[in-house]
Each structure stands twice: as C-alpha cells, then as structure tokens.
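Asks: Got a structure for you, work28.cif, holding mmCIF, C-alpha atoms.
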data_upload
loop_
_atom_site.group_PDB
_atom_site.id
_atom_site.type_symbol
_atom_site.label_atom_id
_atom_site.label_comp_id
_atom_site.auth_asym_id
_atom_site.auth_seq_id
_atom_site.Cartn_x
_atom_site.Cartn_y
_atom_site.Cartn_z
ATOM 1 C CA MET C 12 151.385 159.241 88.724
ATOM 2 C CA ARG C 13 149.310 160.124 91.786
ATOM 3 C CA VAL C 14 151.304 159.640 94.975
ATOM 4 C CA ALA C 15 150.653 160.044 98.688
ATOM 5 C CA VAL C 16 153.200 160.888 101.345
ATOM 6 C CA VAL C 17 152.646 160.853 105.101
ATOM 7 C CA ASP C 18 155.284 162.433 107.327
ATOM 8 C CA CYS C 19 155.180 161.675 111.034
ATOM 9 C CA GLY C 20 157.104 164.057 113.235
ATOM 10 C CA THR C 21 157.300 164.719 116.948
ATOM 11 C CA ASN C 22 154.397 167.159 116.974
ATOM 12 C CA SER C 23 152.403 166.646 113.777
ATOM 13 C CA LEU C 24 151.225 164.136 111.209
ATOM 14 C CA ARG C 25 151.122 165.539 107.687
ATOM 15 C CA LEU C 26 149.759 164.330 104.369
ATOM 16 C CA LEU C 27 150.480 165.327 100.780
ATOM 17 C CA ILE C 28 148.672 163.852 97.789
ATOM 18 C CA ALA C 29 150.020 165.038 94.456
ATOM 19 C CA ASP C 30 150.333 164.176 90.792
ATOM 20 C CA VAL C 31 153.925 163.926 89.577
ATOM 21 C CA VAL C 32 154.178 165.231 86.015
ATOM 22 C CA ASP C 33 157.540 165.674 84.264
ATOM 23 C CA GLY C 34 159.373 165.990 87.572
ATOM 24 C CA GLU C 35 156.971 168.604 88.950
ATOM 25 C CA LEU C 36 154.252 168.309 91.584
ATOM 26 C CA LYS C 37 150.617 169.241 91.141
ATOM 27 C CA GLN C 38 149.132 169.318 94.627
ATOM 28 C CA ILE C 39 145.816 167.544 95.125
ATOM 29 C CA ASP C 40 145.538 167.641 98.927
ATOM 30 C CA ARG C 41 147.741 168.785 101.791
ATOM 31 C CA ARG C 42 146.743 168.604 105.445
ATOM 32 C CA MET C 43 148.200 168.529 108.919
ATOM 33 C CA THR C 44 147.033 167.154 112.274
ATOM 34 C CA ILE C 45 148.699 167.867 115.607
ATOM 35 C CA VAL C 46 149.255 164.480 117.272
ATOM 36 C CA ARG C 47 152.098 165.235 119.724
ATOM 37 C CA LEU C 48 153.663 161.786 119.220
ATOM 38 C CA GLY C 49 156.737 162.987 121.088
ATOM 39 C CA GLN C 50 154.805 163.677 124.293
ATOM 40 C CA GLY C 51 157.139 162.792 127.160
ATOM 41 C CA VAL C 52 159.588 160.872 124.945
ATOM 42 C CA ASP C 53 162.527 163.020 126.058
ATOM 43 C CA ALA C 54 161.934 161.882 129.653
ATOM 44 C CA THR C 55 160.650 158.305 129.224
ATOM 45 C CA GLY C 56 162.187 157.026 125.976
ATOM 46 C CA ALA C 57 158.806 155.585 124.928
ATOM 47 C CA PHE C 58 155.652 156.673 123.128
ATOM 48 C CA ALA C 59 152.802 157.420 125.519
ATOM 49 C CA PRO C 60 149.668 155.285 124.929
ATOM 50 C CA GLU C 61 147.526 158.386 124.429
ATOM 51 C CA ALA C 62 150.029 159.728 121.876
ATOM 52 C CA LEU C 63 149.848 156.518 119.847
ATOM 53 C CA GLU C 64 146.060 156.690 120.033
ATOM 54 C CA ARG C 65 146.113 160.207 118.552
ATOM 55 C CA VAL C 66 148.442 159.106 115.739
ATOM 56 C CA PHE C 67 146.337 156.078 114.859
ATOM 57 C CA LYS C 68 143.121 158.110 114.835
ATOM 58 C CA ALA C 69 144.628 160.654 112.422
ATOM 59 C CA SER C 70 146.101 157.824 110.347
ATOM 60 C CA ASP C 71 142.660 156.242 109.910
ATOM 61 C CA GLU C 72 141.459 159.554 108.461
ATOM 62 C CA TYR C 73 144.464 159.946 106.176
ATOM 63 C CA ALA C 74 144.239 156.365 104.879
ATOM 64 C CA ALA C 75 140.610 156.983 103.890
ATOM 65 C CA VAL C 76 141.578 160.213 102.096
ATOM 66 C CA ILE C 77 144.356 158.417 100.192
ATOM 67 C CA ARG C 78 142.000 155.666 99.060
ATOM 68 C CA ALA C 79 139.375 158.184 97.945
ATOM 69 C CA ALA C 80 141.977 160.149 95.951
ATOM 70 C CA GLY C 81 143.117 157.050 94.087
ATOM 71 C CA ALA C 82 146.815 157.385 94.878
ATOM 72 C CA THR C 83 148.761 154.509 93.332
ATOM 73 C CA ARG C 84 151.853 154.740 95.541
ATOM 74 C CA THR C 85 152.148 155.665 99.205
ATOM 75 C CA ARG C 86 155.200 156.308 101.329
ATOM 76 C CA PHE C 87 155.130 156.830 105.109
ATOM 77 C CA VAL C 88 158.234 158.416 106.618
ATOM 78 C CA ALA C 89 159.029 159.075 110.246
ATOM 79 C CA THR C 90 161.888 161.156 111.551
ATOM 80 C CA SER C 91 163.263 161.986 115.005
ATOM 81 C CA ALA C 92 160.220 160.964 117.057
ATOM 82 C CA ALA C 93 160.487 157.279 116.111
ATOM 83 C CA ARG C 94 164.222 156.719 115.880
ATOM 84 C CA ASP C 95 165.108 155.527 119.364
ATOM 85 C CA VAL C 96 161.939 154.786 121.337
ATOM 86 C CA SER C 97 161.584 151.489 123.191
ATOM 87 C CA ASN C 98 158.070 150.677 121.953
ATOM 88 C CA ARG C 99 158.382 151.574 118.294
ATOM 89 C CA ASP C 100 157.200 148.076 117.238
ATOM 90 C CA LYS C 101 153.682 149.006 118.364
ATOM 91 C CA PHE C 102 153.891 152.173 116.303
ATOM 92 C CA PHE C 103 155.134 150.250 113.245
ATOM 93 C CA ALA C 104 152.377 147.646 113.498
ATOM 94 C CA GLY C 105 149.622 150.252 113.801
ATOM 95 C CA ILE C 106 150.864 152.231 110.796
ATOM 96 C CA SER C 107 151.338 149.150 108.601
ATOM 97 C CA GLU C 108 147.810 147.997 109.394
ATOM 98 C CA ARG C 109 146.315 151.324 108.347
ATOM 99 C CA PHE C 110 148.322 152.224 105.246
ATOM 100 C CA GLY C 111 149.448 148.845 103.937
ATOM 101 C CA VAL C 112 153.076 150.010 103.817
ATOM 102 C CA GLU C 113 155.918 149.787 106.283
ATOM 103 C CA PRO C 114 156.844 153.097 107.888
ATOM 104 C CA GLU C 115 160.365 154.169 107.022
ATOM 105 C CA ILE C 116 162.695 155.664 109.605
ATOM 106 C CA ILE C 117 164.759 157.634 107.154
ATOM 107 C CA SER C 118 168.398 158.410 107.774
ATOM 108 C CA GLY C 119 169.580 161.880 108.624
ATOM 109 C CA ALA C 120 171.340 162.110 105.258
ATOM 110 C CA GLU C 121 168.224 161.142 103.313
ATOM 111 C CA GLU C 122 166.063 163.473 105.376
ATOM 112 C CA ALA C 123 168.445 166.321 104.561
ATOM 113 C CA GLU C 124 168.383 165.607 100.821
ATOM 114 C CA LEU C 125 164.599 165.335 100.700
ATOM 115 C CA SER C 126 163.988 168.435 102.827
ATOM 116 C CA PHE C 127 166.429 170.515 100.799
ATOM 117 C CA ARG C 128 164.922 169.427 97.489
ATOM 118 C CA GLY C 129 161.403 170.212 98.663
ATOM 119 C CA ALA C 130 162.160 173.532 100.351
ATOM 120 C CA THR C 131 164.346 175.128 97.688
ATOM 121 C CA GLY C 132 162.188 174.444 94.647
ATOM 122 C CA GLY C 133 161.441 177.712 92.848
ATOM 123 C CA LEU C 134 164.105 179.823 94.570
ATOM 124 C CA THR C 135 166.285 180.087 91.468
ATOM 125 C CA ALA C 136 163.361 181.548 89.531
ATOM 126 C CA LEU C 137 162.939 184.125 92.307
ATOM 127 C CA ALA C 138 166.619 185.086 91.953
ATOM 128 C CA VAL C 139 167.375 184.146 95.568
ATOM 129 C CA PRO C 140 171.154 183.714 95.778
ATOM 130 C CA GLY C 141 172.706 180.535 97.144
ATOM 131 C CA PRO C 142 174.091 178.800 99.032
ATOM 132 C CA TYR C 143 170.878 178.281 101.012
ATOM 133 C CA LEU C 144 170.535 177.180 104.609
ATOM 134 C CA VAL C 145 167.282 175.264 105.026
ATOM 135 C CA ALA C 146 166.059 175.119 108.626
ATOM 136 C CA ASP C 147 163.295 172.658 109.471
ATOM 137 C CA ILE C 148 162.328 173.259 113.108
ATOM 138 C CA GLY C 149 160.325 170.283 114.259
ATOM 139 C CA GLY C 150 158.969 169.193 117.602
ATOM 140 C CA GLY C 151 161.906 167.020 118.642
ATOM 141 C CA SER C 152 164.741 168.120 116.390
ATOM 142 C CA THR C 153 165.916 170.821 114.032
ATOM 143 C CA GLU C 154 167.372 169.889 110.665
ATOM 144 C CA LEU C 155 169.954 172.244 109.205
ATOM 145 C CA VAL C 156 170.882 171.708 105.557
ATOM 146 C CA LEU C 157 173.350 173.852 103.621
ATOM 147 C CA GLY C 158 173.300 173.462 99.873
ATOM 148 C CA ASP C 159 173.228 175.094 96.466
ATOM 149 C CA ALA C 160 172.017 174.331 92.956
ATOM 150 C CA ASN C 161 174.218 171.229 92.904
ATOM 151 C CA GLY C 162 172.697 169.726 96.047
ATOM 152 C CA VAL C 163 173.505 169.329 99.728
ATOM 153 C CA ILE C 164 176.872 170.529 101.005
ATOM 154 C CA ALA C 165 176.455 169.734 104.708
ATOM 155 C CA ALA C 166 173.614 168.707 106.990
ATOM 156 C CA GLU C 167 172.934 167.802 110.603
ATOM 157 C CA SER C 168 169.977 167.000 112.826
ATOM 158 C CA LEU C 169 170.198 168.744 116.205
ATOM 159 C CA ASP C 170 168.317 167.487 119.270
ATOM 160 C CA MET C 171 166.336 170.657 119.765
ATOM 161 C CA GLY C 172 162.753 171.260 118.784
ATOM 162 C CA SER C 173 159.694 173.133 119.959
ATOM 163 C CA VAL C 174 158.285 170.277 122.055
ATOM 164 C CA ARG C 175 161.624 169.138 123.442
ATOM 165 C CA MET C 176 162.709 172.636 124.513
ATOM 166 C CA THR C 177 159.301 173.453 125.985
ATOM 167 C CA GLU C 178 159.267 170.278 128.091
ATOM 168 C CA ARG C 179 162.864 170.842 129.223
ATOM 169 C CA HIS C 180 162.703 174.529 130.044
ATOM 170 C CA LEU C 181 159.551 176.575 129.364
ATOM 171 C CA THR C 182 157.131 175.115 131.896
ATOM 172 C CA SER C 183 155.671 178.298 133.423
ATOM 173 C CA ASP C 184 152.878 180.426 131.962
ATOM 174 C CA PRO C 185 154.300 182.767 130.866
ATOM 175 C CA ALA C 186 157.882 181.513 130.765
ATOM 176 C CA THR C 187 160.087 183.077 133.405
ATOM 177 C CA ALA C 188 163.281 184.987 132.674
ATOM 178 C CA ALA C 189 165.292 182.115 134.170
ATOM 179 C CA GLU C 190 163.514 179.555 131.954
ATOM 180 C CA LEU C 191 164.085 181.657 128.835
ATOM 181 C CA ALA C 192 167.753 182.063 129.727
ATOM 182 C CA ALA C 193 168.168 178.308 130.213
ATOM 183 C CA ALA C 194 166.446 177.522 126.913
ATOM 184 C CA THR C 195 168.548 180.123 125.099
ATOM 185 C CA LYS C 196 171.754 178.683 126.567
ATOM 186 C CA ASP C 197 170.740 175.186 125.464
ATOM 187 C CA VAL C 198 169.881 176.309 121.912
ATOM 188 C CA ASP C 199 173.066 178.375 121.575
ATOM 189 C CA ALA C 200 175.230 175.456 122.683
ATOM 190 C CA LEU C 201 173.686 173.153 120.098
ATOM 191 C CA LEU C 202 174.004 175.718 117.313
ATOM 192 C CA ALA C 203 177.641 176.336 118.267
ATOM 193 C CA SER C 204 178.354 172.610 117.993
ATOM 194 C CA THR C 205 176.897 172.014 114.528
ATOM 195 C CA ILE C 206 179.082 170.739 111.738
ATOM 196 C CA VAL C 207 177.069 172.786 109.232
ATOM 197 C CA PRO C 208 178.930 175.992 108.264
ATOM 198 C CA ILE C 209 175.832 178.140 108.603
ATOM 199 C CA THR C 210 177.661 181.434 108.096
ATOM 200 C CA GLU C 211 178.434 180.428 104.487
ATOM 201 C CA ALA C 212 174.764 180.688 103.545
ATOM 202 C CA ARG C 213 173.514 183.735 101.667
ATOM 203 C CA ALA C 214 169.862 182.964 102.361
ATOM 204 C CA LEU C 215 167.981 181.401 105.284
ATOM 205 C CA ILE C 216 165.009 179.283 104.204
ATOM 206 C CA GLY C 217 162.613 178.357 106.994
ATOM 207 C CA THR C 218 160.170 175.517 106.500
ATOM 208 C CA ALA C 219 157.575 173.415 108.375
ATOM 209 C CA GLY C 220 154.942 174.398 110.920
ATOM 210 C CA THR C 221 156.934 176.465 113.386
ATOM 211 C CA VAL C 222 158.276 178.841 110.740
ATOM 212 C CA THR C 223 155.059 179.085 108.730
ATOM 213 C CA THR C 224 153.147 179.841 111.932
ATOM 214 C CA VAL C 225 155.648 182.541 112.901
ATOM 215 C CA ALA C 226 155.265 184.031 109.406
ATOM 216 C CA ALA C 227 151.474 184.109 109.769
ATOM 217 C CA VAL C 228 151.734 185.782 113.192
ATOM 218 C CA ALA C 229 154.301 188.296 111.921
ATOM 219 C CA SER C 230 152.061 189.142 108.968
ATOM 220 C CA LYS C 231 149.078 189.594 111.319
ATOM 221 C CA LEU C 232 146.900 187.316 109.207
ATOM 222 C CA THR C 233 143.422 186.745 110.566
ATOM 223 C CA GLU C 234 143.275 183.318 108.942
ATOM 224 C CA TYR C 235 145.982 181.047 107.631
ATOM 225 C CA ASP C 236 146.667 181.464 103.904
ATOM 226 C CA ALA C 237 149.273 179.069 102.516
ATOM 227 C CA GLU C 238 149.598 180.976 99.237
ATOM 228 C CA ARG C 239 150.473 184.197 101.053
ATOM 229 C CA ILE C 240 152.895 182.412 103.370
ATOM 230 C CA HIS C 241 154.808 180.503 100.668
ATOM 231 C CA HIS C 242 157.939 182.468 99.719
ATOM 232 C CA SER C 243 156.977 185.327 102.035
ATOM 233 C CA ARG C 244 159.816 187.100 103.827
ATOM 234 C CA ILE C 245 160.230 188.024 107.483
ATOM 235 C CA SER C 246 162.612 190.934 108.027
ATOM 236 C CA GLY C 247 165.058 190.833 110.910
ATOM 237 C CA SER C 248 163.246 193.558 112.838
ATOM 238 C CA LEU C 249 159.847 191.884 112.395
ATOM 239 C CA LEU C 250 161.278 188.541 113.473
ATOM 240 C CA ARG C 251 162.670 190.076 116.667
ATOM 241 C CA GLU C 252 159.351 191.762 117.427
ATOM 242 C CA THR C 253 157.422 188.520 116.868
ATOM 243 C CA THR C 254 159.924 186.455 118.861
ATOM 244 C CA TYR C 255 159.732 188.840 121.809
ATOM 245 C CA TRP C 256 155.952 188.625 121.967
ATOM 246 C CA LEU C 257 155.643 184.859 121.454
ATOM 247 C CA MET C 258 158.267 184.041 124.087
ATOM 248 C CA ARG C 259 156.764 186.305 126.739
ATOM 249 C CA SER C 260 153.023 185.968 126.113
ATOM 250 C CA THR C 261 150.692 183.749 128.106
ATOM 251 C CA ARG C 262 149.021 180.656 126.749
ATOM 252 C CA ALA C 263 145.691 182.508 126.760
ATOM 253 C CA GLU C 264 147.170 185.393 124.755
ATOM 254 C CA ARG C 265 148.596 183.020 122.148
ATOM 255 C CA SER C 266 145.323 181.087 122.013
ATOM 256 C CA SER C 267 143.548 184.277 120.992
ATOM 257 C CA VAL C 268 145.606 184.488 117.776
ATOM 258 C CA PRO C 269 143.594 182.628 115.112
ATOM 259 C CA VAL C 270 146.560 181.589 112.964
ATOM 260 C CA ILE C 271 148.257 179.690 115.798
ATOM 261 C CA HIS C 272 146.971 176.118 115.697
ATOM 262 C CA PRO C 273 145.746 174.989 119.140
ATOM 263 C CA GLY C 274 148.326 172.198 119.065
ATOM 264 C CA ARG C 275 151.148 174.731 118.714
ATOM 265 C CA VAL C 276 149.991 177.249 121.308
ATOM 266 C CA ASP C 277 152.115 175.835 124.126
ATOM 267 C CA VAL C 278 155.277 175.172 122.074
ATOM 268 C CA ILE C 279 155.547 178.009 119.532
ATOM 269 C CA GLY C 280 157.634 180.135 121.917
ATOM 270 C CA ALA C 281 160.408 177.544 121.982
ATOM 271 C CA GLY C 282 160.172 177.146 118.215
ATOM 272 C CA VAL C 283 160.585 180.846 117.493
ATOM 273 C CA LEU C 284 163.457 181.019 119.970
ATOM 274 C CA ILE C 285 165.346 178.430 117.890
ATOM 275 C CA LEU C 286 164.634 180.385 114.698
ATOM 276 C CA GLN C 287 165.755 183.674 116.251
ATOM 277 C CA ARG C 288 169.013 182.305 117.670
ATOM 278 C CA LEU C 289 169.832 180.711 114.301
ATOM 279 C CA TYR C 290 169.072 183.945 112.441
ATOM 280 C CA ASP C 291 171.276 185.911 114.849
ATOM 281 C CA ARG C 292 174.296 183.796 113.857
ATOM 282 C CA MET C 293 173.899 184.529 110.162
ATOM 283 C CA ALA C 294 174.705 187.503 107.945
ATOM 284 C CA VAL C 295 171.273 187.619 106.315
ATOM 285 C CA GLY C 296 168.570 190.270 106.517
ATOM 286 C CA GLU C 297 165.461 188.109 106.405
ATOM 287 C CA VAL C 298 163.939 184.655 106.654
ATOM 288 C CA ILE C 299 162.399 183.309 103.447
ATOM 289 C CA VAL C 300 159.480 181.040 104.249
ATOM 290 C CA SER C 301 158.681 177.886 102.296
ATOM 291 C CA GLU C 302 155.447 175.914 102.512
ATOM 292 C CA HIS C 303 157.241 173.105 100.713
ATOM 293 C CA ASP C 304 159.437 170.717 102.640
ATOM 294 C CA ILE C 305 160.262 167.056 103.097
ATOM 295 C CA LEU C 306 156.754 166.019 101.982
ATOM 296 C CA ASP C 307 157.404 167.527 98.556
ATOM 297 C CA GLY C 308 160.861 165.987 98.384
ATOM 298 C CA VAL C 309 159.513 162.522 99.198
ATOM 299 C CA ALA C 310 156.697 162.890 96.649
ATOM 300 C CA LEU C 311 159.209 163.772 93.949
ATOM 301 C CA SER C 312 161.364 160.790 94.940
ATOM 302 C CA ILE C 313 158.404 158.451 94.375
ATOM 303 C CA GLY C 314 157.537 159.873 90.976
#
Please go through the file and, once you have read it, give me the structure as structure tokens.
Replies:
Amino acid sequence: MRVAVVDCGTNSLRLLIADVVDGELKQIDRRMTIVRLGQGVDATGAFAPEALERVFKASDEYAAVIRAAGATRTRFVATSAARDVSNRDKFFAGISERFGVEPEIISGAEEAELSFRGATGGLTALAVPGPYLVADIGGGSTELVLGDANGVIAAESLDMGSVRMTERHLTSDPATAAELAAATKDVDALLASTIVPITEARALIGTAGTVTTVAAVASKLTEYDAERIHHSRISGSLLRETTYWLMRSTRAERSSVPVIHPGRVDVIGAGVLILQRLYDRMAVGEVIVSEHDILDGVALSIG
C-alpha cells in the first residue's frame, strides 16, 4: 500500500510518501518546507494571514506530489500549532480543499505513541539499550516520550519550542547574556515540571529538524546528508561546543552555514538550548539522532 502523510507543525510542513510492506516502510519521497505557521501565535492566539498563505502554498505543492506518486491513502496531522488557535476553521477548510481529507489534531497521547514508534525503529538491531527517551523539539512544543520495547511508559508535551522560545526571549542579534539566562530559566522550569521520569532513560534519541540540524552542524557537513545523519551520535563535548556557538553567533554567521535551512537560522539557537538543557539532566554520554519520527509512525499506522 502506498501512503502519504503530511505533518504540520509550528515551524515546518513535512511530507512522507512510502510503501508499507509487511509492517515496514519503503520511502518513496520525503520533503520539508519551512512555513512558520506558529508566527506570533504565542502572543495573538491566532494564525497570521501570511502564515496561512505560506502553509496553503506548500500544501498545493504537496498535494500535486501525492497525486503524481499514486498514493492510495493520505493522512494529514497537525500538532501543537493548531490545537488552540481562534481561527483554526480557516486552516481546516484550506487543508481539506487541497488534500481531500480532514486534518487531524491528534491527542498528546497519540502523538507520543506515533513519535516513539517512528523514532525508535532499528535501535534494537543497533544494540542501543532501553529505556529510550525520545525528544522531538518542535517550533511550539517539545514532546518527551519515555519507552522501551513494550511501548510508551510516560509522555508529555511541554510548551517550549524553538519558535516560541525565540519570540519570548532571544530577540537580539546576537542574543544577549540576559536573554540567554531568561530562556535557560524558562526551559529549566519546564523540564523540572515534567511528569516524564527522564533520568530513567539509558539513551536519548533526538528527532525532527532541530536535532538533525544540530547534528549536521556538529558534524561540519557542507551539505545535508540524511543517510549520514540518521543514527549518528553527538557526544556530550561536541554538543556543548555546538550549543555554545549556535546560541552566541549572529544571524549572519548562522546563515553562512550551508546545512542550516534559512527558515531555521533565527530559531536554531533556542532549539539547541532545549536539547542541551535536557541532555544535562540525564546520565547519558551522547545524543542518538533519528531521521525517522512521527511521519514514519503515522505511515505505519495507515498501513
């Protein structure tokens, strides 16, 4: 069965087209577009007109790709960006018109299950010990999921993400010491409040665009290579070095790094701060990076 999954987050719109064969995925197409749907949502509680325009433009492209690929089933999921906004009906109508399916605002519990299933595939074969903590650092929220071979043990969505923390705190170029301190305090407070027993994990699995971008920067890649990034490992010392530079560099300096997507240049500092503060709370020596995430989990759920 050929399936298509579109995931709409706070910062990006992502597409996966895959064949599902005997419970495994064979990837046909995977792409990502920065749409910044969450622009200003933290302050206004509504989607900005220009943000909706960006989403609909990317959706037109994705719908054409899905039709050309001959996918027989499509699922469109949206997470934190679309949960509580006042004008989400306009968003729903635009998506339904383009894809012919209703967008689904999935629950936190379902999001956790799908993300964990997608991100941890293949780790047993690599002899990575569990339990695993999967961290999906998005634009508006960060999903933390603790689980093992039997499934999810605990999960929570925290209201901190690269876009949200940048808009709240990191407004100067480069960020000031006071701004960094305020952002760190905010992140630490949220991590301290989580119901997920993160210290029980024996491995930290980072997934989605923030973490994969940090991995590419840490590896000093001159162009993004998903095969090299998937299941790569960032040591603690390399993570600290990369975090220090990303949080203190200017926008122009970050823009000069080819593996940082232009749509992430202004928010990657906040994203890596979240990853670093999470890592610092855990007794692990590295971050294991996964290119697979909720998209893969949703695709498997369809097939």
Asks: Would you please work out which residue, of C:Met12, C:Thr187, C:Glu167, C:Ser230, is nearest to C:Ile206 when using only C-alpha atoms?
Replies: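 Looking at the shortest contact to C:Ile206, the residue is C:Glu167.
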Asks: Between C:Ala237, C:Leu232, C:Ala219, C:Leu257, which has the minimum distance to C:Glu154 (counting only C-alpha atoms)?
Replies: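 Smallest distance to C:Glu154 is found for C:Ala219.
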Asks: Show which residues sit within 7 Å of C:Val174, as a list in words. Count all atoms listed in the file, and ignore same-chain residues fewer than 3 positions away.
Replies: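 Using all atoms listed in the file, the neighbours found are Gly150, Gly151, Thr177, Glu178 and Val278 of chain C.
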Asks: Quick one: residues within 7 Å of stretch 59-64 of chain C, only C-alpha atoms, excluding same-chain residues fewer than 5 positions away - as a list in words?
Replies: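 Contacts, with the query itself left out: Val46, Arg47, Leu48, Gln50 and Phe102 of chain C.
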Asks: When you draw a straight line from atom CA of C:His303 to atom CA of C:Gly129, how long is it in Å?
Replies: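 We find that atom CA of C:His303 and atom CA of C:Gly129 lie 5.5 Å from each other.
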